[in-house]
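K.L.:
This is coords_23.cif, which holds mmCIF, C-alpha atoms:
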```cif
data_data
loop_
_atom_site.label_atom_id
_atom_site.label_comp_id
_atom_site.auth_asym_id
_atom_site.auth_seq_id
_atom_site.Cartn_x
_atom_site.Cartn_y
_atom_site.Cartn_z
CA MET A 1211 -51.79 5.00 -17.01
CA LYS A 1212 -50.32 4.57 -20.47
CA ASN A 1213 -53.85 4.65 -21.90
CA LEU A 1214 -54.45 8.10 -20.34
CA VAL A 1215 -51.25 9.43 -21.90
CA VAL A 1216 -52.14 8.02 -25.32
CA LYS A 1217 -55.67 9.47 -25.19
CA THR A 1218 -54.32 12.85 -24.06
CA ILE A 1219 -51.82 12.89 -26.93
CA ALA A 1220 -54.58 11.95 -29.38
CA ASN A 1221 -56.85 14.71 -28.00
CA ALA A 1222 -54.01 17.25 -28.15
CA GLY A 1223 -53.26 16.30 -31.76
CA ALA A 1224 -56.93 16.50 -32.72
CA LEU A 1225 -57.30 19.88 -31.01
CA ALA A 1226 -54.16 21.12 -32.78
CA VAL A 1227 -55.61 20.14 -36.16
CA ALA A 1228 -58.87 21.93 -35.34
CA VAL A 1229 -56.96 25.06 -34.27
CA TRP A 1230 -54.92 24.88 -37.46
CA LEU A 1231 -57.93 24.42 -39.78
CA LEU A 1232 -60.46 26.80 -38.21
CA ASP A 1233 -59.76 30.49 -37.73
CA LYS A 1234 -62.39 30.88 -35.01
CA ILE A 1235 -60.79 28.30 -32.72
CA THR A 1236 -57.82 30.10 -31.23
CA LEU A 1237 -54.86 29.04 -29.15
CA THR A 1238 -52.47 31.84 -28.34
CA GLY A 1239 -49.18 31.79 -26.57
CA SER A 1240 -45.87 33.58 -26.38
CA SER A 1241 -43.78 30.65 -27.65
CA THR A 1242 -44.16 27.26 -29.25
CA GLY A 1243 -43.44 25.54 -25.94
CA GLY A 1244 -46.12 27.63 -24.24
CA LYS A 1245 -48.62 26.70 -26.93
CA VAL A 1246 -47.79 22.99 -26.62
CA GLY A 1247 -48.16 23.16 -22.83
CA THR A 1248 -51.47 24.97 -23.13
CA LEU A 1249 -52.62 22.45 -25.74
CA ILE A 1250 -51.84 19.53 -23.42
CA VAL A 1251 -53.74 21.17 -20.53
CA VAL A 1252 -56.68 21.88 -22.85
CA ALA A 1253 -56.59 18.24 -24.01
CA LEU A 1254 -56.73 17.09 -20.37
CA ILE A 1255 -59.69 19.41 -19.70
CA PHE A 1256 -61.40 18.18 -22.89
CA GLY A 1257 -60.86 14.59 -21.78
CA LEU A 1258 -62.31 15.33 -18.33
CA VAL A 1259 -65.34 17.05 -19.84
CA ASN A 1260 -65.91 14.06 -22.13
CA LEU A 1261 -65.43 11.65 -19.24
CA LEU A 1262 -67.68 13.39 -16.70
CA VAL A 1263 -70.26 15.47 -18.55
CA LYS A 1264 -70.78 13.73 -21.90
CA PRO A 1265 -72.32 10.51 -20.49
CA VAL A 1266 -74.87 12.54 -18.52
CA VAL A 1267 -75.79 14.59 -21.59
CA LYS A 1268 -76.06 11.43 -23.70
CA LEU A 1269 -78.34 9.83 -21.12
CA LEU A 1270 -80.58 12.88 -20.95
CA THR A 1271 -80.79 13.18 -24.74
CA PHE A 1272 -81.18 9.45 -25.45
CA PRO A 1273 -84.58 9.87 -27.15
CA LEU A 1274 -82.99 12.42 -29.51
CA PHE A 1275 -80.22 9.93 -30.34
CA ILE A 1276 -82.88 7.44 -31.42
CA LEU A 1277 -84.97 10.04 -33.26
CA THR A 1278 -82.03 11.50 -35.21
CA LEU A 1279 -80.27 8.15 -35.73
CA GLY A 1280 -77.23 9.43 -33.85
CA LEU A 1281 -76.78 12.75 -35.66
CA ILE A 1282 -77.33 14.57 -32.37
CA THR A 1283 -73.79 13.39 -31.55
CA LEU A 1284 -72.49 16.33 -33.60
CA ILE A 1285 -74.39 18.74 -31.35
CA VAL A 1286 -73.24 16.97 -28.16
CA ASN A 1287 -69.61 17.10 -29.34
CA ALA A 1288 -70.00 20.81 -30.12
CA LEU A 1289 -71.42 21.45 -26.65
CA MET A 1290 -68.49 19.59 -25.06
CA LEU A 1291 -66.05 21.72 -27.06
CA LEU A 1292 -67.85 24.91 -26.03
CA LEU A 1293 -67.83 23.77 -22.39
CA THR A 1294 -64.09 23.11 -22.67
CA SER A 1295 -63.61 26.61 -24.07
CA TRP A 1296 -65.62 28.07 -21.20
CA VAL A 1297 -63.63 26.15 -18.56
CA CYS A 1298 -60.38 27.25 -20.21
CA GLY A 1299 -61.58 30.84 -20.04
CA LYS A 1300 -62.30 30.47 -16.32
CA LEU A 1301 -58.82 28.97 -15.79
CA ASP A 1302 -57.24 31.80 -17.81
CA LEU A 1303 -55.96 29.50 -20.56
CA SER A 1304 -55.63 30.93 -24.03
CA PHE A 1305 -58.03 28.57 -25.83
CA HIS A 1306 -61.28 29.91 -27.25
CA VAL A 1307 -64.01 28.63 -29.56
CA GLU A 1308 -66.03 31.41 -31.16
CA GLY A 1309 -69.59 30.42 -31.98
CA PHE A 1310 -71.79 27.35 -32.08
CA TRP A 1311 -71.29 26.42 -35.74
CA THR A 1312 -67.53 26.68 -35.36
CA ALA A 1313 -67.86 24.28 -32.41
CA VAL A 1314 -69.92 21.86 -34.54
CA LEU A 1315 -67.29 21.82 -37.29
CA GLY A 1316 -64.48 21.70 -34.71
CA GLY A 1317 -66.14 18.81 -32.91
CA LEU A 1318 -66.42 16.92 -36.19
CA ILE A 1319 -62.76 17.54 -37.01
CA ILE A 1320 -61.67 16.53 -33.50
CA ALA A 1321 -63.74 13.33 -33.62
CA VAL A 1322 -62.30 12.25 -36.99
CA VAL A 1323 -58.68 13.12 -36.17
CA SER A 1324 -58.90 11.59 -32.70
CA TRP A 1325 -60.34 8.39 -34.17
CA ALA A 1326 -57.52 8.20 -36.72
CA LEU A 1327 -54.84 8.88 -34.10
CA ASN A 1328 -56.28 6.26 -31.76
CA LEU A 1329 -55.95 3.73 -34.60
CA VAL A 1330 -52.28 4.56 -35.05
CA LEU A 1331 -51.18 5.07 -31.43
CA PRO A 1332 -50.67 2.04 -29.16
CA ASP A 1333 -53.51 1.19 -26.79
CA GLU A 1334 -51.89 -0.82 -24.02
CA ASP A 1335 -52.50 -0.58 -20.27
#
```
Please express what this file holds, its structure, as structure tokens.
P.N.:
Amino acid sequence: MKNLVVKTIANAGALAVAVWLLDKITLTGSSTGGKVGTLIVVALIFGLVNLLVKPVVKLLTFPLFILTLGLITLIVNALMLLLTSWVCGKLDLSFHVEGFWTAVLGGLIIAVVSWALNLVLPDED
């Protein structure tokens, strides 16, 4: 259970950095508390998308992983971020990613920041 909380905090922090750095990834809210709450829900959705959909996409695109020496990971991460944005739109959450190339750059930022945060945060069960 503690591992889920740590991963959600890391995802929320990584998403916050991406929102802060990129103008075309937006998170709107009426107050700071509302934005933090929305960010945590978006992080949970992002975690679920990565848990449920990403392995299937990786399995289906395995030959491309070999062919591109893993660079297709950037595209897969972008697609997961766009899917998260779409799900948030359906759930009426104020998180939106505008465009594929923004999603590629956002996915790269999220991957790097999440990796760094997972190094710092405790990883106990």
K.L.:
Looking at A:Gly1317, A:Pro1265, A:Gly1244, A:Gly1309, which one is nearest to Leu1284 in chain A, with distances taken over all atoms listed in the file?
P.N.:
A:Gly1317
K.L.:
From the list A:Ile1282, A:Ile1319, A:Leu1301, A:Leu1269, which residue is nearest Ile1235 in chain A when using all atoms listed in the file?
P.N.:
A:Ile1319
K.L.:
Just say which residues the PyMOL selection byres ((chain A and resi 1239) around 12) picks in this file, as a list in words.
P.N.:
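For this structure, the PyMOL selection byres ((chain A and resi 1239) around 12) resolves to Thr1236, Leu1237, Thr1238, Ser1240, Ser1241, Thr1242, Gly1243, Gly1244, Lys1245, Val1246, Gly1247, Thr1248, Leu1249, Asp1302, Leu1303, Ser1304 and Phe1305 of chain A.
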K.L.:
Find, counting only C-alpha atoms, the residue in A:Cys1298, A:Leu1331, A:Leu1289, A:Ile1320 that gets nearest to Asn1221 in chain A.
P.N.:
A:Ile1320
K.L.:
Just so the selection is clear, what residues does the PyMOL selection byres ((chain A and resi 1290) around 9) cover here, as a PyMOL selection string?
P.N.:
chain A and resi 1256+1259-1260+1263-1264+1285-1289+1291-1295+1313+1317
K.L.:
Write the residues you've just listed into a file as a JSON list (two decimals), in the frame of the given file, and include C-alpha atoms for each of them.
P.N.:
```json
[["chain", "number", "residue", "atom", "x", "y", "z"],
["A", 1256, "PHE", "CA", -61.40, 18.18, -22.89],
["A", 1259, "VAL", "CA", -65.34, 17.05, -19.84],
["A", 1260, "ASN", "CA", -65.91, 14.06, -22.13],
["A", 1263, "VAL", "CA", -70.26, 15.47, -18.55],
["A", 1264, "LYS", "CA", -70.78, 13.73, -21.90],
["A", 1285, "ILE", "CA", -74.39, 18.74, -31.35],
["A", 1286, "VAL", "CA", -73.24, 16.97, -28.16],
["A", 1287, "ASN", "CA", -69.61, 17.10, -29.34],
["A", 1288, "ALA", "CA", -70.00, 20.81, -30.12],
["A", 1289, "LEU", "CA", -71.42, 21.45, -26.65],
["A", 1291, "LEU", "CA", -66.05, 21.72, -27.06],
["A", 1292, "LEU", "CA", -67.85, 24.91, -26.03],
["A", 1293, "LEU", "CA", -67.83, 23.77, -22.39],
["A", 1294, "THR", "CA", -64.09, 23.11, -22.67],
["A", 1295, "SER", "CA", -63.61, 26.61, -24.07],
["A", 1313, "ALA", "CA", -67.86, 24.28, -32.41],
["A", 1317, "GLY", "CA", -66.14, 18.81, -32.91]]
```
K.L.:
Tell me which residues the PyMOL selection byres ((chain A and resi 1322) around 12) grabs here, as a PDB file with C-alpha atoms, keeping the file's coordinate frame.
P.N.:
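Full text of result19.pdb as output:
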```pdb
ATOM      1  CA  ALA A1220     -54.580  11.950 -29.380  1.00  0.00           C
ATOM      2  CA  ASN A1221     -56.850  14.710 -28.000  1.00  0.00           C
ATOM      3  CA  GLY A1223     -53.260  16.300 -31.760  1.00  0.00           C
ATOM      4  CA  ALA A1224     -56.930  16.500 -32.720  1.00  0.00           C
ATOM      5  CA  LEU A1225     -57.300  19.880 -31.010  1.00  0.00           C
ATOM      6  CA  VAL A1227     -55.610  20.140 -36.160  1.00  0.00           C
ATOM      7  CA  ALA A1228     -58.870  21.930 -35.340  1.00  0.00           C
ATOM      8  CA  LEU A1284     -72.490  16.330 -33.600  1.00  0.00           C
ATOM      9  CA  ASN A1287     -69.610  17.100 -29.340  1.00  0.00           C
ATOM     10  CA  LEU A1315     -67.290  21.820 -37.290  1.00  0.00           C
ATOM     11  CA  GLY A1316     -64.480  21.700 -34.710  1.00  0.00           C
ATOM     12  CA  GLY A1317     -66.140  18.810 -32.910  1.00  0.00           C
ATOM     13  CA  LEU A1318     -66.420  16.920 -36.190  1.00  0.00           C
ATOM     14  CA  ILE A1319     -62.760  17.540 -37.010  1.00  0.00           C
ATOM     15  CA  ILE A1320     -61.670  16.530 -33.500  1.00  0.00           C
ATOM     16  CA  ALA A1321     -63.740  13.330 -33.620  1.00  0.00           C
ATOM     17  CA  VAL A1323     -58.680  13.120 -36.170  1.00  0.00           C
ATOM     18  CA  SER A1324     -58.900  11.590 -32.700  1.00  0.00           C
ATOM     19  CA  TRP A1325     -60.340   8.390 -34.170  1.00  0.00           C
ATOM     20  CA  ALA A1326     -57.520   8.200 -36.720  1.00  0.00           C
ATOM     21  CA  LEU A1327     -54.840   8.880 -34.100  1.00  0.00           C
ATOM     22  CA  ASN A1328     -56.280   6.260 -31.760  1.00  0.00           C
ATOM     23  CA  LEU A1329     -55.950   3.730 -34.600  1.00  0.00           C
TER      24      LEU A1329
END
```
K.L.:
Taking all atoms of range 1257-1276 of chain A that the file lists, what box with edges along x, y and z, padded by 4 Å per side, do you get, with centre and edge lengths in Å to one decimal, as lines of an AutoDock Vina configuration file?
P.N.:
```
center_x = -72.7
center_y = 12.2
center_z = -24.1
size_x = 31.7
size_y = 17.6
size_z = 22.7
```
K.L.:
Would you compute the distance between CA of Val1215 in chain A and CA of Glu1308 in chain A? Give it in Å to one decimal.
P.N.:
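Distance reported for this atom pair: 28.1 Å.
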K.L.:
Restricting the calculation to all atoms listed in the file, which member of A:Lys1234, A:Leu1214, A:Leu1279, A:Leu1262 is positioned closest to Phe1310 in chain A?
P.N.:
A:Lys1234
K.L.:
To one decimal in Å, tell me the separation between CA of Lys1217 in chain A and CA of Leu1254 in chain A.
P.N.:
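Separation of CA of Lys1217 in chain A and CA of Leu1254 in chain A: 9.1 Å.
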K.L.:
By how many Å are CA of Leu1261 in chain A and CA of Leu1274 in chain A apart?
P.N.:
20.4 Å
K.L.:
Of the candidates A:Leu1277, A:Leu1231, A:Ala1222, A:Val1314, which one gets nearest to Gly1257 in chain A if we count only C-alpha atoms?
P.N.:
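Ranked by minimum distance to Gly1257 in chain A, first place goes to A:Ala1222.
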K.L.:
Any chance you could model all heavy atoms for range 1268-1279 of chain A and send them as a PDB file, in the coordinates of the input?
P.N.:
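The resulting file, out12.pdb, is shown below:
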```pdb
ATOM      1  N   LYS A1268     -75.566  12.493 -22.824  1.00  0.00           N
ATOM      2  CA  LYS A1268     -76.060  11.430 -23.700  1.00  0.00           C
ATOM      3  C   LYS A1268     -77.260  10.708 -23.088  1.00  0.00           C
ATOM      4  O   LYS A1268     -78.195  10.357 -23.794  1.00  0.00           O
ATOM      5  CB  LYS A1268     -74.949  10.424 -23.993  1.00  0.00           C
ATOM      6  CG  LYS A1268     -74.016  10.851 -25.074  1.00  0.00           C
ATOM      7  CD  LYS A1268     -73.044   9.726 -25.367  1.00  0.00           C
ATOM      8  CE  LYS A1268     -72.424   9.890 -26.715  1.00  0.00           C
ATOM      9  NZ  LYS A1268     -71.550   8.760 -27.038  1.00  0.00           N
ATOM     10  N   LEU A1269     -77.220  10.487 -21.793  1.00  0.00           N
ATOM     11  CA  LEU A1269     -78.340   9.830 -21.120  1.00  0.00           C
ATOM     12  C   LEU A1269     -79.592  10.690 -21.179  1.00  0.00           C
ATOM     13  O   LEU A1269     -80.690  10.193 -21.460  1.00  0.00           O
ATOM     14  CB  LEU A1269     -77.973   9.512 -19.669  1.00  0.00           C
ATOM     15  CG  LEU A1269     -79.048   8.796 -18.858  1.00  0.00           C
ATOM     16  CD1 LEU A1269     -79.269   7.397 -19.400  1.00  0.00           C
ATOM     17  CD2 LEU A1269     -78.647   8.741 -17.397  1.00  0.00           C
ATOM     18  N   LEU A1270     -79.438  11.986 -20.940  1.00  0.00           N
ATOM     19  CA  LEU A1270     -80.580  12.880 -20.950  1.00  0.00           C
ATOM     20  C   LEU A1270     -81.160  13.091 -22.352  1.00  0.00           C
ATOM     21  O   LEU A1270     -82.348  13.367 -22.500  1.00  0.00           O
ATOM     22  CB  LEU A1270     -80.203  14.231 -20.333  1.00  0.00           C
ATOM     23  CG  LEU A1270     -79.867  14.207 -18.841  1.00  0.00           C
ATOM     24  CD1 LEU A1270     -79.383  15.568 -18.383  1.00  0.00           C
ATOM     25  CD2 LEU A1270     -81.063  13.754 -18.021  1.00  0.00           C
ATOM     26  N   THR A1271     -80.317  12.961 -23.364  1.00  0.00           N
ATOM     27  CA  THR A1271     -80.790  13.180 -24.740  1.00  0.00           C
ATOM     28  C   THR A1271     -80.951  11.870 -25.502  1.00  0.00           C
ATOM     29  O   THR A1271     -81.017  11.881 -26.737  1.00  0.00           O
ATOM     30  CB  THR A1271     -79.809  14.094 -25.502  1.00  0.00           C
ATOM     31  OG1 THR A1271     -78.511  13.474 -25.513  1.00  0.00           O
ATOM     32  CG2 THR A1271     -79.739  15.465 -24.877  1.00  0.00           C
ATOM     33  N   PHE A1272     -81.061  10.761 -24.801  1.00  0.00           N
ATOM     34  CA  PHE A1272     -81.180   9.450 -25.450  1.00  0.00           C
ATOM     35  C   PHE A1272     -82.332   9.375 -26.456  1.00  0.00           C
ATOM     36  O   PHE A1272     -82.150   8.844 -27.557  1.00  0.00           O
ATOM     37  CB  PHE A1272     -81.287   8.338 -24.406  1.00  0.00           C
ATOM     38  CG  PHE A1272     -81.311   6.973 -25.004  1.00  0.00           C
ATOM     39  CD1 PHE A1272     -80.185   6.439 -25.602  1.00  0.00           C
ATOM     40  CD2 PHE A1272     -82.485   6.227 -24.993  1.00  0.00           C
ATOM     41  CE1 PHE A1272     -80.204   5.181 -26.169  1.00  0.00           C
ATOM     42  CE2 PHE A1272     -82.514   4.961 -25.555  1.00  0.00           C
ATOM     43  CZ  PHE A1272     -81.376   4.439 -26.143  1.00  0.00           C
ATOM     44  N   PRO A1273     -83.511   9.905 -26.135  1.00  0.00           N
ATOM     45  CA  PRO A1273     -84.580   9.870 -27.150  1.00  0.00           C
ATOM     46  C   PRO A1273     -84.203  10.612 -28.440  1.00  0.00           C
ATOM     47  O   PRO A1273     -84.580  10.184 -29.531  1.00  0.00           O
ATOM     48  CB  PRO A1273     -85.761  10.557 -26.461  1.00  0.00           C
ATOM     49  CG  PRO A1273     -85.505  10.375 -25.011  1.00  0.00           C
ATOM     50  CD  PRO A1273     -84.015  10.417 -24.853  1.00  0.00           C
ATOM     51  N   LEU A1274     -83.432  11.697 -28.316  1.00  0.00           N
ATOM     52  CA  LEU A1274     -82.990  12.420 -29.510  1.00  0.00           C
ATOM     53  C   LEU A1274     -81.981  11.605 -30.317  1.00  0.00           C
ATOM     54  O   LEU A1274     -81.928  11.714 -31.539  1.00  0.00           O
ATOM     55  CB  LEU A1274     -82.404  13.774 -29.136  1.00  0.00           C
ATOM     56  CG  LEU A1274     -83.406  14.808 -28.640  1.00  0.00           C
ATOM     57  CD1 LEU A1274     -82.700  16.066 -28.178  1.00  0.00           C
ATOM     58  CD2 LEU A1274     -84.405  15.143 -29.730  1.00  0.00           C
ATOM     59  N   PHE A1275     -81.150  10.812 -29.631  1.00  0.00           N
ATOM     60  CA  PHE A1275     -80.220   9.930 -30.340  1.00  0.00           C
ATOM     61  C   PHE A1275     -80.999   8.946 -31.208  1.00  0.00           C
ATOM     62  O   PHE A1275     -80.621   8.679 -32.348  1.00  0.00           O
ATOM     63  CB  PHE A1275     -79.326   9.167 -29.352  1.00  0.00           C
ATOM     64  CG  PHE A1275     -78.109   9.934 -28.941  1.00  0.00           C
ATOM     65  CD1 PHE A1275     -78.119  10.710 -27.809  1.00  0.00           C
ATOM     66  CD2 PHE A1275     -76.956   9.880 -29.691  1.00  0.00           C
ATOM     67  CE1 PHE A1275     -77.011  11.420 -27.416  1.00  0.00           C
ATOM     68  CE2 PHE A1275     -75.828  10.588 -29.318  1.00  0.00           C
ATOM     69  CZ  PHE A1275     -75.854  11.362 -28.178  1.00  0.00           C
ATOM     70  N   ILE A1276     -82.064   8.390 -30.663  1.00  0.00           N
ATOM     71  CA  ILE A1276     -82.880   7.440 -31.420  1.00  0.00           C
ATOM     72  C   ILE A1276     -83.605   8.148 -32.557  1.00  0.00           C
ATOM     73  O   ILE A1276     -83.628   7.679 -33.695  1.00  0.00           O
ATOM     74  CB  ILE A1276     -83.870   6.725 -30.490  1.00  0.00           C
ATOM     75  CG1 ILE A1276     -83.099   5.854 -29.501  1.00  0.00           C
ATOM     76  CG2 ILE A1276     -84.865   5.888 -31.275  1.00  0.00           C
ATOM     77  CD1 ILE A1276     -83.954   5.276 -28.407  1.00  0.00           C
ATOM     78  N   LEU A1277     -84.196   9.297 -32.267  1.00  0.00           N
ATOM     79  CA  LEU A1277     -84.970  10.040 -33.260  1.00  0.00           C
ATOM     80  C   LEU A1277     -84.121  10.512 -34.434  1.00  0.00           C
ATOM     81  O   LEU A1277     -84.560  10.464 -35.582  1.00  0.00           O
ATOM     82  CB  LEU A1277     -85.652  11.233 -32.580  1.00  0.00           C
ATOM     83  CG  LEU A1277     -86.607  12.051 -33.422  1.00  0.00           C
ATOM     84  CD1 LEU A1277     -87.810  11.203 -33.818  1.00  0.00           C
ATOM     85  CD2 LEU A1277     -87.067  13.273 -32.648  1.00  0.00           C
ATOM     86  N   THR A1278     -82.891  10.964 -34.148  1.00  0.00           N
ATOM     87  CA  THR A1278     -82.030  11.500 -35.210  1.00  0.00           C
ATOM     88  C   THR A1278     -81.037  10.478 -35.746  1.00  0.00           C
ATOM     89  O   THR A1278     -80.161  10.831 -36.531  1.00  0.00           O
ATOM     90  CB  THR A1278     -81.250  12.721 -34.696  1.00  0.00           C
ATOM     91  OG1 THR A1278     -80.375  12.303 -33.650  1.00  0.00           O
ATOM     92  CG2 THR A1278     -82.172  13.816 -34.235  1.00  0.00           C
ATOM     93  N   LEU A1279     -81.175   9.230 -35.309  1.00  0.00           N
ATOM     94  CA  LEU A1279     -80.270   8.150 -35.730  1.00  0.00           C
ATOM     95  C   LEU A1279     -78.806   8.470 -35.429  1.00  0.00           C
ATOM     96  O   LEU A1279     -77.895   8.140 -36.180  1.00  0.00           O
ATOM     97  CB  LEU A1279     -80.452   7.837 -37.215  1.00  0.00           C
ATOM     98  CG  LEU A1279     -81.855   7.413 -37.638  1.00  0.00           C
ATOM     99  CD1 LEU A1279     -81.930   7.256 -39.135  1.00  0.00           C
ATOM    100  CD2 LEU A1279     -82.282   6.141 -36.931  1.00  0.00           C
TER     101      LEU A1279
END
```
